[in-house]
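Heads up, the thing below is written out as structure tokens.
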Protein chains: 2
Amino acid sequence: MTLSQLGAFVFVARLGTVKAAARALGVSEPAVSQSLAQLRRHLGDPLLIRVGDRMVLTEGGRRLLGIASQMVALGAEAMAAVQPGPARLHVVMDGVLAEHVAGPLICLFNQRKAMDATSGVAATAELPLLLTSRLADVAIGAQVSAPGLVSRPVLRCLLIAVGAPHGRRDHWLVGPSGTDPASDSGRLLRLLRVPESHVRVFANQTAAWKAAAEGAGVAPATAHLVASQLRRGDLVAVETAATPLAAYWYATALEPESRSAAAGTFLGFLTTPAATQIMRTPDDGIPRNRFRPPVHVSIWS
Amino acid sequence: MTLSQLGAFVFVARLGTVKAAARALGVSEPAVSQSLAQLRRHLGDPLLIRVGDRMVLTEGGRRLLGIASQMVALGAEAMAAVQPGPARLHVVMDGVLAEHVAGPLICLFNQRKAMDATSGVAATAELPLLLTSRLADVAIGAQVSAPGLVSRPVLRCLLIAVGAPHGRRDHWLVGPSGTDPASDSGRLLRLLRVPESHVRVFANQTAAWKAAAEGAGVAPATAHLVASQLRRGDLVAVETAATPLAAYWYATALEPESRSAAAGTFLGFLTTPAATQIMRTPDDGIPRNRFRPPVHVSIWS
DNA sequence: TCCGCAAATAAGGGATTCCTTAATCTGGTT
DNA sequence: AACCAGATTAAGGAATCCCTTATTTGCGGA
């Protein structure tokens, strides 16, 4: 299986005929046909079959197309990536932090230090692997203990459960990170032995809290992130067997001598009053021209 | 540039020595060293240099590592992907729909039709390309006019601006889709000629509306998605030169004869009362065991 | 200085890739 | 039936890949 074979496959799938793909690629028709034949042999699936005067994808071909497109695109990107450019810093965090603090925090850091940091979202269990494989420079979230990594607490926080003053108490409302067993929300649900059937998942944490404020159930929350709703009385803290629960947010990176300079700069930045302030009250949006959509990171292999 | 060369590079980067990588890959040391040499020659960057007894990444190598890891992982995935499995349906939508209706809608569809649909998020401008390249089966969002594609309206809705009863009116608060110029929010901001400096971007639409309810500014909204907040008086409609503005959500797919059976099933499902009901009042979470994290789709090439 | 370790290079061989031209197969049209 | 367009197969050749063993280079420690 070769990148050029995958490229031929993608072109045929997109253009609908071998002839058109050959023309687009600037080679002869049998060249494309053979690339396709080898891919078919290698993968054991026809991938594209002729129907009338067009080549249409088989089910297997359709499943391959997305993967093949990505690989071809990444191949092109690889050439450009190694060319010199500004140093990048990649910060990964779990879902809750990504939702609430990533935007303002990264925005302020880039502004202060004139750097080009981007943030990524990943499952807690993937954080150590991302760091040790150097796909990310710094992780923020739960403490990580793995050889070669050092965690340092950056913010003390309180895990509580919240609901509407007279809302129902039998359902638990969580954001996507509620399905991450190592996240704070996931740990809390496990501590309380909440059965899966009583958990409802929302598109994001803010939506889960909104539903809780409307009385639909109870939601795990980091106290300072719901401070404004608690003050206004939209939400009240609900007593449970496990809450309130003290917790920390940690910053994790490689050991000092093996981490990049940018990672060190960011860790230093995290302990400044301004950064702490943002993590404590991150409710602001960020200016339009500084907005940078988060990267969603996942590890396959 | 070959997948196996990239694989060798990734192993050396991860394990820190050529020897360890060779052992892990089950080949001789020069085999790995040569793969690396060819990659270096091809890309014009040392990628990894020896420092003491370890190989450390150059800046270019660090930039390549993420891309190379993905390519290697995708290569492994490609082999598995073509094996027979349940037919997949991929539905893409813009940010707002993904946030509010994707979860419940896909959840109900999978339950009703016993299918395995997944949802993805993509910029509006990318929807037609995703469909014509068959990376997605159905798109929901703005109307798309492109050869070979047919759009059909699925829900009439009203675009308004909302804010707290006595909140400030000089700032506009948007979710990530506010930075997508073709989305409803983006179009509204352009119609009103809102300067970029007056726009603040939040991590999601729900957070933007929460900030609006707290008086931080005005937010574009689809009326029926903020119905509950309007009813409770947390938010009120704000008059502007362009709102209220009638709009439609459209479902777009390939022409009937060239689209997959699953796509047809989904389009039929979209017109059922249950689906309409969910799109109109999608505020529920979805059961934990049916939750499926959305895929974030982007096109490079 | 010499030694030892690890990376890099050299040389060679078998397999694969990737392209060409020419011939063949396949389905639908005239 | 004859034809035609487009896909496939066949055959061959140049280049590359990918592995081996043997050798050389570079560098830190005894």
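So you can find residues: chains in the structure tokens are A, B, ... in the order shown, residues in each start at 1, and ligands are numbered from 1 in order.
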
Selection: 12 Å around Val51 of chain A, only C-alpha atoms (C1' of nucleotides), excl. self and same-chain fewer than 4 positions, as a PDB file with C-alpha atoms (C1' of nucleotides), in the first residue's frame:
ATOM      1  CA  GLY A  16     -15.638   8.902 -11.366  1.00  0.00           C
ATOM      2  CA  THR A  17     -13.507   7.420 -14.119  1.00  0.00           C
ATOM      3  CA  MET A  55     -16.750   3.857 -11.235  1.00  0.00           C
ATOM      4  CA  VAL A  56     -18.694   3.721  -7.999  1.00  0.00           C
ATOM      5  CA  LEU A  57     -17.419   2.938  -4.536  1.00  0.00           C
ATOM      6  CA  THR A  58     -18.119  -0.356  -2.863  1.00  0.00           C
TER       7      THR A  58
ATOM      8  CA  SER B 258     -26.311   8.336  -6.888  1.00  0.00           C
TER       9      SER B 258
ATOM     10  C1'  DT C  26     -16.761  -5.811 -21.135  1.00  0.00           C
ATOM     11  C1'  DG C  27     -21.183  -3.405 -21.743  1.00  0.00           C
ATOM     12  C1'  DG C  28     -23.868  -0.639 -24.068  1.00  0.00           C
TER      13       DG C  28
ATOM     14  C1'  DG D   6     -13.411   2.729 -21.172  1.00  0.00           C
ATOM     15  C1'  DA D   7     -11.288  -0.639 -17.921  1.00  0.00           C
TER      16       DA D   7
END

Show which residues sit within 8 Å of Leu127 of chain B, as a PDB file with C-alpha atoms, in the first residue's frame. Count only C-alpha atoms (C1' of nucleotides), and ignore same-chain residues fewer than 5 positions away.
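Output file out_33.pdb follows:
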ATOM      1  CA  VAL B  92     -22.064  16.593   8.703  1.00  0.00           C
ATOM      2  CA  MET B  93     -23.406  19.894   9.936  1.00  0.00           C
ATOM      3  CA  ALA B 122     -17.415  21.098   9.425  1.00  0.00           C
ATOM      4  CA  ALA B 139     -25.227  17.623   5.247  1.00  0.00           C
ATOM      5  CA  VAL B 144     -25.981  24.338  -0.785  1.00  0.00           C
TER       6      VAL B 144
END

Rounded to one decimal in Å, what is the spacing between atom CA of Leu74 of chain A and atom CA of Arg14 of chain B?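 Atom CA of Arg14 of chain B lies 19.7 Å from atom CA of Leu74 of chain A.
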
In terms of the shortest atom-to-atom distance over only C-alpha atoms, which of B:Gly103, B:Gly120, B:Pro220, B:Gly141 is closest to Ala161 of chain B? B:Pro220

Residues of chain A within 12 Å of chain D, counting only C-alpha atoms (C1' of nucleotides), what are they? List them as an MDAnalysis selection string. chainID A and resid 2 16:20 29:37 48:55

Identify all chain C residues at most 12 Å from chain A by counting only C-alpha atoms (C1' of nucleotides); ligands do not count. Present them as a list in words. DT16, DT17, DC18, DC19, DT20, DT21, DA22, DT26, DG27 and DG28 of chain C

Taking the DSSP secondary structure from the backbone, can you list the residues of segment 159-286 of chain A that are alpha helix (DSSP H), as a ChimeraX atom specification? /A:184-191,205-213,227-232,261-270,273-280

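Here atom CA of Leu108 of chain A is placed at a distance of 24.7 Å from atom CA of Pro181 of chain B.
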
Which of segment 84-272 of chain B counts as strand (DSSP E) under DSSP, as a PyMOL selection string please? chain B and resi 88-93+116-121+138-141+149-163+172-174+199-201+219-222+236-238+245-254

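Take atom CA of Pro147 of chain A and atom CA of Ala22 of chain B: the distance between them is 22.4 Å.
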
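Among the candidates A:Ala142, A:Val12, A:Leu25, A:Ala87, the one nearest to chain B when counting only C-alpha atoms is A:Ala87.
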
Tell me which protein, DNA and RNA residues are within 9 Å of Val72 of chain A, counting only C-alpha atoms (C1' of nucleotides), leaving out same-chain ones fewer than 5 positions away, and put them as a VMD selection string. (chain A and resid 3 to 4 6 to 7 10 67 77) or (chain B and resid 71 301)

Just N, CA and C atoms for this one: save the residues we selected as a short mmCIF file (atom, residue, chain, number, x, y, z; two decimals), in the first residue's frame.
data_model
loop_
_atom_site.label_atom_id
_atom_site.label_comp_id
_atom_site.auth_asym_id
_atom_site.auth_seq_id
_atom_site.Cartn_x
_atom_site.Cartn_y
_atom_site.Cartn_z
N LEU A 3 1.45 5.55 -0.89
CA LEU A 3 0.75 6.82 -0.93
C LEU A 3 0.28 7.13 -2.35
N SER A 4 1.09 6.79 -3.34
CA SER A 4 0.66 7.13 -4.70
C SER A 4 -0.49 6.23 -5.13
N LEU A 6 -2.80 5.15 -3.08
CA LEU A 6 -3.95 5.76 -2.41
C LEU A 6 -4.38 7.02 -3.14
N GLY A 7 -3.40 7.77 -3.63
CA GLY A 7 -3.73 8.98 -4.38
C GLY A 7 -4.52 8.66 -5.64
N VAL A 10 -8.06 7.82 -4.67
CA VAL A 10 -8.85 9.00 -4.32
C VAL A 10 -9.27 9.75 -5.58
N ILE A 67 -10.18 7.75 4.92
CA ILE A 67 -8.83 7.50 5.42
C ILE A 67 -7.79 7.83 4.36
N GLU A 77 1.04 17.77 3.31
CA GLU A 77 1.31 18.68 4.42
C GLU A 77 2.69 18.44 5.02
N MET B 71 -0.24 9.57 9.85
CA MET B 71 -0.22 8.82 8.61
C MET B 71 0.00 7.34 8.88
N SER B 301 -6.44 19.30 1.62
CA SER B 301 -5.92 19.48 0.27
C SER B 301 -6.62 20.60 -0.48
#

Between B:Pro195, B:Pro256, B:Pro128, B:Gly26, single out the one closest to chain A, counting only C-alpha atoms.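 Among the listed residues, the smallest separation from chain A belongs to B:Pro195.
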
List the spatial neighbours of Leu270 of chain B as an MDAnalysis selection string - criterion: any atom at most 8 Å away, only C-alpha atoms (C1' of nucleotides), same-chain residues fewer than 5 positions off excluded. chainID B and resid 154 275:276
